[in-house]
Amino acid sequence: MNRIFMFLKPYWVLAVTAPSFMVLEVMMDLAQPMFMQRIVDIGIANGDAAYVWSTLVLMLLVALFGFAGGIGCSYFSAKAAINAGTDIREEMFSHVQNLSFSNVDKLKTGNLITTLTNDIVQVQRMMMMMMRIMVKAPIQFVGSLIMTYMISPRLFLILLVLVPLLSMTMVILFKKGYPLYRIVQSKLDAVNTVMQENLSGIRVVKAFVREDFERERFSKANDDYMDSTVKVSRIMAVMFPIIMILLNVGIVAVLWFGNIEVANGNIQVGKVIAFINYLLQLLVSIMMVAGMMMMYSRAQASAERIEEVLETAPDINDCEDAVCADRLEGDLVFEKVSFSYGDHAIEPVLTDISFTAKPGEKVAIIGSTGSGKSTLVNLIPRLYDVSGGRITIGGVDIRKMKRTFLRSRISIVLQQSLLFSGTIGDNIRYGKSDATMSELDESARTSGAKEFIESFEKGYDTLLGQKGVNLSGGQKQRISIARGLIRKPYILILDDSTSAVDVATEVKIQDALKTKTKNSIVVMVAQRISSILDADQIIVLEEGKIAGKGNHKTLIENNRVYREIFESQLGKAGEAYGA
């Protein structure tokens with residue numbers, strides 16, 4: 001929690017000003033019962049109407065000062081808390097951007113969304129309330145105790161019994177409530193995760209008529225969240241009636257013994273009224289602390305989750321002497337590379353991968369599902385780091401290059417085409433923000449996207465829905481390829497990025513790529529063997545290991561795995577490809 005409060009430091013002036021206004025409000029509130037006492041014991045007792053009215057006017061002025069203090073405290077506390085919450089959100093988002101794929105895999109997207117939204121709101125609300133209640137409650141509590149003692153030391157004995165009972169009640173309920181709030185937040189994570197998965201995969205859900213299954217899955221997560229919330233609410237529901245019972249018992253006791261004291265002439269009626277007012281203020285301050293403790297419990301659970309994200313160290317960092325040259329050049333070399341997902345993986349995903357790709361070459365990666373093709377290409381821009389061996393470009397280990405330098409000279413077109421909300425032009429320029437219109441046209445033409453883009457009324461200014469929902473799979477892939485080409489990368493990685501286009505269109509794209517990538521290294525993952533027949537080098541993967549390496553002619557003659565893949569896809573038609 002200390003780290004979270006550090007976000008208030010830049011706004012310390014606001015954070016100090018808010019309690020100052022609250023002190024003014026509390027002092028004015030503490031003065032009110034004394035005016036009431038004077039009205040009863042002096043004004044009403046002596047039938048002095050002028051004194052009553054003058055005191056009432058004074059009470060009104062004091063109340064207005066207190067009101068101004070409350071407004072000032074609310075304004076400055078809200079401003080400080082909202083600014084701090086905004087900074088926490090920005091810090092978290094920025095930190096997440098620096099995390100590696102493996103970090104994000106561990107944190108889970110649903111949890112991150114909850115933390116970036118609900119958890120920060122809880123902490124923000126707690127900061128605001130602490131600048132108000134944690135100032136008001138103690139001062140009002142102590143002030144009320146002092147004033148009740150000054151009014152009547154004998155009636156004050158009632159509070160010596162009442163206050164400890166209230167304090168014990170709050171401590172017990174606090175201990176029961178705190179663990180439940182962390183459970184509530186984890187259940188909210190589950191709700192968000194199910195909702196996110198459902199919305200992202202709505203087409204699959206409808207295609208397989210799984211709406212009922214998804215409703216049941218969401219209902220279960222939602223019911224679990226409701227049950228956890230109800231458990232916490234029960235504690236709150238029990239707490240306040242107990243406090244109210246004790247409060248009413250205290251008021252009855254004061255009235256009972258106060259009546260005796262008045263009858264014996266030890267105290268005036270106005271003082272009894274003032275005593276009850278201070279008793280109410282004292283118990284209200286206790287109730288505020290009780291509510292604050294429950295809010296703190298929830299905020300503490302949220303703060304721990306925020307700190308967990310902020311304290312997650314990125315798995316992939318730049319070394320102290322990281323290289324940042326003007327350009328990337330030289331051969332791409334895998335030297336006995338191995339990789340495992342996590343430290344406790346049973347088996348490595350890749351083992352002893354070695355090959356060299358030269359500028360101007362097209363290197364194809366092929367293999368069965370789960371053989372490690374996508375994992376292999378993700379290692380090149382350091383989306384993951386190798387577990388063993390090394391990858392070099394121009395003889396320099398990529399771990400000794402600045403990540404921004406390395407990735408800015410590599411374009412990767414992922415297997416799943418992801419487009420952002422905005423125009424088609426915005427999505428292509430995502431690869432190069434300052435791209436000219438001619439560069440936009442060139443990359444779209446090479447990727448085969450220009451034709452269908454021009455068929456839209458607004459062309460490059462056509463707005464896309466979320467994730468490009470108003471485009472076909474093939475159109476999204478071609479825009480993704482255009483986005484990758486526009487930066488003219490030294491290494492172009494195509495991770496099965498033409499799987500959704502027809503063979504004729506794929507041939508056109510491949511032919512156009514040959515011209516535009518003469519000086520680049522193209523690493524292509526493919527499922528269709530027809531798209532890699534012209535590759536300079538084909539890497540055949542099987543169970544994370546290289547099962548064959550060479551061009552199509554060499555592999556078809558000498559490699560069983562490659563030949564089986566070839567024949568399973570093309571069969572006797574292989575003769576047409578020179579097999």
# chains A, B, ... in the order shown; residues from 1 in each chain; ligands from 1
>>> select_by_dssp(residues="segment 448-524 of chain A", states="helix (DSSP H, G or I)", output="ChimeraX atom specification")
/A:450-455,459-461,466-468,473-485,503-516
>>> residues_around(residues="Val561 of chain A", least_positions_apart="6", cutoff="8 Å", atoms="only C-alpha atoms", output="count of residues only")
3
>>> closest_residue(among="A:Val396, A:Met401, A:Leu60, A:Ile273", to="Val333 of chain A", atoms="only C-alpha atoms")
A:Val396
>>> atom_distance(atom1="atom CA of Leu485 of chain A", atom2="atom CA of Glu439 of chain A")
9.5 Å
>>> atom_distance(atom1="atom CA of Glu454 of chain A", atom2="atom CA of Gln475 of chain A")
12.4 Å
>>> residues_around(residues="Ser417 of chain A", least_positions_apart="3", cutoff="9 Å", atoms="only C-alpha atoms", output="list in words")
Val413, Leu414, Lys467, Gly473, Lys476, Gln477, Arg478, Ile479, Ser480 and Ser497 of chain A
>>> closest_atom_pairs(of="segment 84-182 of chain A", to="segment 29-52 of chain A", cutoff="12 Å", atoms="only C-alpha atoms", output="Markdown table")
| residue | atom | partner | partner_atom | distance |
| --- | --- | --- | --- | --- |
| A:Lys136 | CA | A:Asp29 | CA | 10.3 |
| A:Ala137 | CA | A:Asp29 | CA | 11.9 |
| A:Ile139 | CA | A:Leu30 | CA | 9.6 |
| A:Gln140 | CA | A:Leu30 | CA | 7.2 |
| A:Phe141 | CA | A:Leu30 | CA | 10.0 |
| A:Val142 | CA | A:Leu30 | CA | 10.5 |
| A:Gly143 | CA | A:Leu30 | CA | 7.0 |
| A:Ser144 | CA | A:Leu30 | CA | 7.1 |
| A:Leu145 | CA | A:Leu30 | CA | 10.7 |
| A:Ile146 | CA | A:Leu30 | CA | 10.5 |
| A:Met147 | CA | A:Leu30 | CA | 8.4 |
| A:Thr148 | CA | A:Pro33 | CA | 10.5 |
| A:Met150 | CA | A:Met34 | CA | 11.4 |
| A:Ile151 | CA | A:Met34 | CA | 9.8 |
>>> write_last_selection(atoms="all heavy atoms", output="compact mmCIF listing (two decimals), in the first residue's frame")
# COMPACT_ATOMS: atom_id res chain seq x y z
N LYS A 136 -11.48 13.61 9.71
CA LYS A 136 -12.68 14.01 10.46
C LYS A 136 -12.96 13.09 11.65
O LYS A 136 -13.22 13.58 12.76
CB LYS A 136 -13.89 14.00 9.52
CG LYS A 136 -15.19 14.43 10.20
CD LYS A 136 -16.33 14.54 9.21
CE LYS A 136 -17.59 15.06 9.92
NZ LYS A 136 -18.70 15.26 8.97
N ALA A 137 -12.92 11.78 11.43
CA ALA A 137 -13.31 10.83 12.48
C ALA A 137 -12.46 10.94 13.74
O ALA A 137 -13.01 11.07 14.85
CB ALA A 137 -13.30 9.41 11.93
N ILE A 139 -10.53 13.47 14.88
CA ILE A 139 -10.69 14.77 15.54
C ILE A 139 -12.06 14.87 16.19
O ILE A 139 -12.21 15.32 17.34
CB ILE A 139 -10.49 15.92 14.53
CG1 ILE A 139 -9.06 15.90 13.99
CG2 ILE A 139 -10.79 17.26 15.18
CD1 ILE A 139 -8.80 16.93 12.91
N GLN A 140 -13.08 14.42 15.46
CA GLN A 140 -14.44 14.46 16.00
C GLN A 140 -14.58 13.54 17.19
O GLN A 140 -15.25 13.87 18.17
CB GLN A 140 -15.43 14.08 14.90
CG GLN A 140 -16.90 14.26 15.30
CD GLN A 140 -17.82 14.16 14.11
OE1 GLN A 140 -17.85 15.04 13.27
NE2 GLN A 140 -18.55 13.06 14.02
N PHE A 141 -13.94 12.37 17.12
CA PHE A 141 -13.99 11.40 18.22
C PHE A 141 -13.35 11.98 19.48
O PHE A 141 -13.95 12.00 20.57
CB PHE A 141 -13.29 10.12 17.80
CG PHE A 141 -13.28 9.04 18.84
CD1 PHE A 141 -14.37 8.19 19.00
CD2 PHE A 141 -12.19 8.87 19.70
CE1 PHE A 141 -14.37 7.20 19.97
CE2 PHE A 141 -12.19 7.88 20.66
CZ PHE A 141 -13.27 7.04 20.80
N VAL A 142 -12.12 12.47 19.34
CA VAL A 142 -11.39 13.02 20.50
C VAL A 142 -12.09 14.27 21.01
O VAL A 142 -12.25 14.45 22.23
CB VAL A 142 -9.93 13.32 20.11
CG1 VAL A 142 -9.21 14.04 21.26
CG2 VAL A 142 -9.19 12.04 19.76
N GLY A 143 -12.51 15.14 20.09
CA GLY A 143 -13.20 16.37 20.50
C GLY A 143 -14.47 16.07 21.25
O GLY A 143 -14.78 16.73 22.27
N SER A 144 -15.23 15.09 20.78
CA SER A 144 -16.49 14.72 21.46
C SER A 144 -16.22 14.15 22.83
O SER A 144 -16.97 14.44 23.80
CB SER A 144 -17.26 13.71 20.61
OG SER A 144 -17.62 14.28 19.37
N LEU A 145 -15.17 13.33 22.95
CA LEU A 145 -14.81 12.78 24.27
C LEU A 145 -14.46 13.89 25.25
O LEU A 145 -14.91 13.89 26.41
CB LEU A 145 -13.62 11.83 24.13
CG LEU A 145 -13.90 10.41 23.63
CD1 LEU A 145 -12.60 9.63 23.50
CD2 LEU A 145 -14.85 9.67 24.57
N ILE A 146 -13.68 14.84 24.80
CA ILE A 146 -13.28 15.94 25.68
C ILE A 146 -14.50 16.75 26.10
O ILE A 146 -14.66 17.09 27.29
CB ILE A 146 -12.24 16.84 24.96
CG1 ILE A 146 -10.93 16.07 24.76
CG2 ILE A 146 -11.99 18.12 25.76
CD1 ILE A 146 -9.93 16.80 23.89
N MET A 147 -15.34 17.06 25.16
CA MET A 147 -16.51 17.88 25.47
C MET A 147 -17.49 17.16 26.39
O MET A 147 -18.07 17.78 27.30
CB MET A 147 -17.21 18.29 24.17
CG MET A 147 -16.38 19.16 23.25
SD MET A 147 -15.76 20.66 24.04
CE MET A 147 -17.28 21.57 24.31
N THR A 148 -17.69 15.86 26.19
CA THR A 148 -18.61 15.12 27.08
C THR A 148 -18.05 15.06 28.50
O THR A 148 -18.80 15.15 29.48
CB THR A 148 -18.83 13.68 26.55
OG1 THR A 148 -17.57 13.06 26.29
CG2 THR A 148 -19.66 13.68 25.29
N MET A 150 -16.08 17.30 29.85
CA MET A 150 -16.22 18.65 30.42
C MET A 150 -17.65 18.93 30.86
O MET A 150 -17.88 19.62 31.86
CB MET A 150 -15.78 19.70 29.39
CG MET A 150 -14.27 19.69 29.12
SD MET A 150 -13.81 20.84 27.82
CE MET A 150 -14.29 22.42 28.54
N ILE A 151 -18.61 18.38 30.13
CA ILE A 151 -20.03 18.60 30.47
C ILE A 151 -20.40 17.85 31.74
O ILE A 151 -21.02 18.40 32.66
CB ILE A 151 -20.94 18.19 29.31
CG1 ILE A 151 -20.79 19.18 28.15
CG2 ILE A 151 -22.40 18.12 29.74
CD1 ILE A 151 -21.48 18.73 26.88
>>> select_by_dssp(residues="segment 382-537 of chain A", states="strand (DSSP E)", output="list in words")
Gly388, Gly389, Arg390, Ile391, Thr392, Ile393, Val396, Asp397, Ile410, Ser411, Ile412, Val413, Gly422, Thr423, Leu463, Leu464, Ile491, Leu492, Ile493, Leu494, Asp495, Ile521, Val522, Val523, Met524, Val525 and Gln537 of chain A
>>> write_last_selection(atoms="C-alpha atoms", output="JSON list (two decimals), in the first residue's frame")
[["chain", "number", "residue", "atom", "x", "y", "z"],
["A", 388, "GLY", "CA", 19.51, -21.95, -24.64],
["A", 389, "GLY", "CA", 21.84, -21.17, -27.52],
["A", 390, "ARG", "CA", 21.69, -17.81, -29.25],
["A", 391, "ILE", "CA", 20.32, -15.90, -32.23],
["A", 392, "THR", "CA", 22.62, -13.47, -34.00],
["A", 393, "ILE", "CA", 22.21, -10.90, -36.76],
["A", 396, "VAL", "CA", 25.71, -9.76, -32.84],
["A", 397, "ASP", "CA", 23.57, -11.61, -30.30],
["A", 410, "ILE", "CA", 11.67, -6.31, -38.12],
["A", 411, "SER", "CA", 8.08, -6.65, -39.29],
["A", 412, "ILE", "CA", 6.02, -9.58, -38.12],
["A", 413, "VAL", "CA", 2.66, -10.45, -39.64],
["A", 422, "GLY", "CA", -9.91, 3.45, -36.97],
["A", 423, "THR", "CA", -9.45, 3.75, -40.72],
["A", 463, "LEU", "CA", -13.64, 3.15, -40.90],
["A", 464, "LEU", "CA", -13.12, -0.35, -39.50],
["A", 491, "ILE", "CA", 13.60, -9.03, -41.65],
["A", 492, "LEU", "CA", 10.01, -9.79, -42.69],
["A", 493, "ILE", "CA", 8.29, -12.54, -40.72],
["A", 494, "LEU", "CA", 5.10, -14.00, -42.19],
["A", 495, "ASP", "CA", 3.46, -16.34, -39.70],
["A", 521, "ILE", "CA", 15.42, -11.72, -45.10],
["A", 522, "VAL", "CA", 11.96, -13.26, -45.36],
["A", 523, "VAL", "CA", 11.06, -15.90, -42.77],
["A", 524, "MET", "CA", 7.76, -17.51, -43.63],
["A", 525, "VAL", "CA", 5.70, -19.98, -41.61],
["A", 537, "GLN", "CA", 15.69, -22.80, -47.68]]
>>> atom_distance(atom1="atom CA of Met236 of chain A", atom2="atom CA of Val254 of chain A")
27.1 Å
>>> residues_around(residues="segment 322-325 of chain A", least_positions_apart="2", cutoff="7 Å", atoms="only C-alpha atoms", output="PyMOL selection string")
chain A and resi 318-320+327+400-402+405
>>> residues_around(residues="Met130 of chain A", least_positions_apart="2", cutoff="12 Å", atoms="only C-alpha atoms", output="MDAnalysis selection string")
chainID A and resid 5 15:16 18:19 22 73:74 77:78 80:81 123:128 132:138 288:289 291:293 295:296 299
>>> write_last_selection(atoms="N, CA, C and O atoms", output="tab-separated table (two decimals), in the first residue's frame")
chain	number	residue	atom	x	y	z
A	5	PHE	N	0.48	4.84	-2.23
A	5	PHE	CA	0.34	6.19	-1.68
A	5	PHE	C	1.41	7.13	-2.23
A	5	PHE	O	1.23	8.35	-2.19
A	15	ALA	N	-3.37	17.28	-1.26
A	15	ALA	CA	-3.59	16.27	-0.21
A	15	ALA	C	-3.51	16.88	1.18
A	15	ALA	O	-4.13	16.37	2.12
A	16	VAL	N	-2.75	17.96	1.34
A	16	VAL	CA	-2.66	18.64	2.64
A	16	VAL	C	-3.78	19.67	2.79
A	16	VAL	O	-4.32	19.84	3.89
A	18	ALA	N	-6.82	19.54	1.58
A	18	ALA	CA	-8.12	18.89	1.84
A	18	ALA	C	-8.35	18.64	3.34
A	18	ALA	O	-9.40	19.05	3.88
A	19	PRO	N	-7.40	18.03	4.07
A	19	PRO	CA	-7.62	17.84	5.51
A	19	PRO	C	-7.74	19.15	6.28
A	19	PRO	O	-8.43	19.21	7.30
A	22	MET	N	-11.14	20.09	6.21
A	22	MET	CA	-11.92	19.18	7.04
A	22	MET	C	-11.80	19.54	8.52
A	22	MET	O	-12.77	19.42	9.28
A	73	CYS	N	-12.93	20.48	1.36
A	73	CYS	CA	-12.27	19.18	1.55
A	73	CYS	C	-12.67	18.21	0.45
A	73	CYS	O	-11.82	17.50	-0.09
A	74	SER	N	-13.96	18.18	0.11
A	74	SER	CA	-14.42	17.27	-0.94
A	74	SER	C	-13.75	17.59	-2.28
A	74	SER	O	-13.32	16.68	-3.00
A	77	SER	N	-9.78	16.84	-2.03
A	77	SER	CA	-9.50	15.41	-1.86
A	77	SER	C	-9.82	14.65	-3.15
A	77	SER	O	-9.09	13.75	-3.57
A	78	ALA	N	-10.95	15.02	-3.79
A	78	ALA	CA	-11.33	14.37	-5.05
A	78	ALA	C	-10.30	14.66	-6.13
A	78	ALA	O	-9.90	13.77	-6.89
A	80	ALA	N	-7.09	15.43	-5.77
A	80	ALA	CA	-5.83	14.70	-5.50
A	80	ALA	C	-5.98	13.22	-5.81
A	80	ALA	O	-5.10	12.61	-6.43
A	81	ALA	N	-7.10	12.62	-5.37
A	81	ALA	CA	-7.30	11.17	-5.56
A	81	ALA	C	-7.46	10.82	-7.04
A	81	ALA	O	-6.90	9.83	-7.52
A	123	VAL	N	-8.99	1.90	-5.11
A	123	VAL	CA	-7.88	2.61	-4.45
A	123	VAL	C	-8.09	4.11	-4.50
A	123	VAL	O	-7.86	4.83	-3.52
A	124	GLN	N	-8.57	4.61	-5.62
A	124	GLN	CA	-8.83	6.03	-5.79
A	124	GLN	C	-9.89	6.50	-4.79
A	124	GLN	O	-9.75	7.55	-4.16
A	125	ARG	N	-10.94	5.70	-4.64
A	125	ARG	CA	-12.00	6.04	-3.70
A	125	ARG	C	-11.49	6.03	-2.26
A	125	ARG	O	-11.84	6.89	-1.45
A	126	MET	N	-10.64	5.05	-1.97
A	126	MET	CA	-10.08	4.95	-0.62
A	126	MET	C	-9.20	6.16	-0.30
A	126	MET	O	-9.24	6.71	0.80
A	127	MET	N	-8.37	6.60	-1.27
A	127	MET	CA	-7.53	7.79	-1.06
A	127	MET	C	-8.39	9.01	-0.73
A	127	MET	O	-8.08	9.78	0.19
A	128	MET	N	-9.45	9.18	-1.49
A	128	MET	CA	-10.33	10.33	-1.30
A	128	MET	C	-10.99	10.28	0.08
A	128	MET	O	-11.04	11.30	0.79
A	132	ARG	N	-10.61	12.58	3.93
A	132	ARG	CA	-11.78	13.18	4.57
A	132	ARG	C	-12.07	12.50	5.91
A	132	ARG	O	-11.96	13.10	6.97
A	133	ILE	N	-12.42	11.22	5.85
A	133	ILE	CA	-12.87	10.52	7.06
A	133	ILE	C	-11.73	10.30	8.05
A	133	ILE	O	-11.92	10.44	9.26
A	134	MET	N	-10.54	9.96	7.55
A	134	MET	CA	-9.44	9.68	8.47
A	134	MET	C	-8.92	10.94	9.15
A	134	MET	O	-8.08	10.88	10.04
A	135	VAL	N	-9.40	12.09	8.71
A	135	VAL	CA	-9.12	13.34	9.42
A	135	VAL	C	-10.30	13.70	10.31
A	135	VAL	O	-10.15	14.01	11.49
A	136	LYS	N	-11.48	13.61	9.71
A	136	LYS	CA	-12.68	14.01	10.46
A	136	LYS	C	-12.96	13.09	11.65
A	136	LYS	O	-13.22	13.58	12.76
A	137	ALA	N	-12.92	11.78	11.43
A	137	ALA	CA	-13.31	10.83	12.48
A	137	ALA	C	-12.46	10.94	13.74
A	137	ALA	O	-13.01	11.07	14.85
A	138	PRO	N	-11.11	10.93	13.64
A	138	PRO	CA	-10.31	11.02	14.88
A	138	PRO	C	-10.51	12.34	15.62
A	138	PRO	O	-10.64	12.35	16.86
A	288	MET	N	-18.08	5.99	10.94
A	288	MET	CA	-17.29	6.39	9.78
A	288	MET	C	-16.00	5.57	9.72
A	288	MET	O	-15.58	5.13	8.64
A	289	VAL	N	-15.38	5.37	10.87
A	289	VAL	CA	-14.15	4.55	10.91
A	289	VAL	C	-14.47	3.12	10.51
A	289	VAL	O	-13.71	2.48	9.77
A	291	GLY	N	-16.91	2.07	8.50
A	291	GLY	CA	-17.09	2.04	7.05
A	291	GLY	C	-15.76	2.19	6.33
A	291	GLY	O	-15.52	1.53	5.31
A	292	MET	N	-14.89	3.05	6.88
A	292	MET	CA	-13.58	3.27	6.26
A	292	MET	C	-12.74	2.01	6.34
A	292	MET	O	-12.00	1.69	5.40
A	293	MET	N	-12.83	1.30	7.45
A	293	MET	CA	-12.06	0.06	7.60
A	293	MET	C	-12.49	-0.98	6.57
A	293	MET	O	-11.66	-1.67	5.98
A	295	MET	N	-13.91	-0.28	3.67
A	295	MET	CA	-13.44	0.21	2.37
A	295	MET	C	-11.93	-0.01	2.23
A	295	MET	O	-11.44	-0.38	1.16
A	296	TYR	N	-11.21	0.19	3.33
A	296	TYR	CA	-9.76	-0.03	3.31
A	296	TYR	C	-9.45	-1.50	3.03
A	296	TYR	O	-8.49	-1.82	2.33
A	299	ALA	N	-9.88	-1.93	-0.62
A	299	ALA	CA	-8.81	-1.20	-1.32
A	299	ALA	C	-7.46	-1.87	-1.12
A	299	ALA	O	-6.62	-1.88	-2.02
>>> residues_around(residues="Ile202 of chain A", least_positions_apart="5", cutoff="10 Å", atoms="only C-alpha atoms", output="compact mmCIF listing (two decimals) with N, CA, C and O atoms, in the first residue's frame")
# COMPACT_ATOMS: atom_id res chain seq x y z
N GLN A 196 -14.92 -11.47 -21.78
CA GLN A 196 -13.96 -11.12 -22.83
C GLN A 196 -13.83 -12.25 -23.85
O GLN A 196 -13.84 -12.02 -25.06
N GLU A 197 -13.70 -13.47 -23.35
CA GLU A 197 -13.58 -14.62 -24.26
C GLU A 197 -14.83 -14.77 -25.12
O GLU A 197 -14.75 -15.06 -26.32
N ALA A 207 -21.50 -20.05 -34.41
CA ALA A 207 -21.31 -21.07 -35.44
C ALA A 207 -21.54 -22.47 -34.89
O ALA A 207 -22.06 -23.35 -35.59
N ARG A 210 -23.43 -22.57 -29.37
CA ARG A 210 -23.03 -22.78 -27.98
C ARG A 210 -23.48 -21.65 -27.07
O ARG A 210 -22.91 -21.42 -26.00
N GLU A 211 -24.52 -20.93 -27.49
CA GLU A 211 -25.00 -19.81 -26.68
C GLU A 211 -25.44 -20.28 -25.29
O GLU A 211 -25.14 -19.63 -24.29
N GLU A 214 -22.43 -20.98 -23.14
CA GLU A 214 -21.78 -19.75 -22.72
C GLU A 214 -22.60 -19.04 -21.64
O GLU A 214 -22.04 -18.45 -20.71
>>> closest_atom_pairs(of="segment 383-433 of chain A", to="segment 310-314 of chain A", cutoff="12 Å", atoms="only C-alpha atoms", output="JSON lines")
{"residue": "A:Leu383", "atom": "CA", "partner": "A:Pro314", "partner_atom": "CA", "distance": 11.3}
{"residue": "A:Tyr384", "atom": "CA", "partner": "A:Pro314", "partner_atom": "CA", "distance": 10.9}
{"residue": "A:Asp385", "atom": "CA", "partner": "A:Pro314", "partner_atom": "CA", "distance": 11.3}
>>> write_last_selection(atoms="N, CA and C atoms", output="CSV table (one decimal), in the first residue's frame")
chain,number,residue,atom,x,y,z
A,383,LEU,N,10.2,-11.5,-28.8
A,383,LEU,CA,8.9,-11.5,-28.1
A,383,LEU,C,9.0,-12.5,-27.0
A,384,TYR,N,9.8,-13.5,-27.1
A,384,TYR,CA,10.3,-14.4,-26.1
A,384,TYR,C,11.8,-14.5,-26.2
A,385,ASP,N,12.5,-14.8,-25.1
A,385,ASP,CA,13.9,-15.0,-25.2
A,385,ASP,C,14.3,-16.5,-25.2
>>> closest_residue(among="A:Leu418, A:Met170, A:Ile4, A:Ile251", to="Arg89 of chain A", atoms="only C-alpha atoms")
A:Ile4
>>> closest_residue(among="A:Met195, A:Gln281, A:Leu471, A:Thr117", to="Met27 of chain A", atoms="only C-alpha atoms")
A:Gln281
>>> closest_residue(among="A:Glu457, A:Asp496, A:Asp426, A:Asp502", to="Gln527 of chain A", atoms="only C-alpha atoms")
A:Asp496
>>> residues_around(residues="Ile565 of chain A", least_positions_apart="5", cutoff="9 Å", atoms="only C-alpha atoms", output="count of residues only")
6
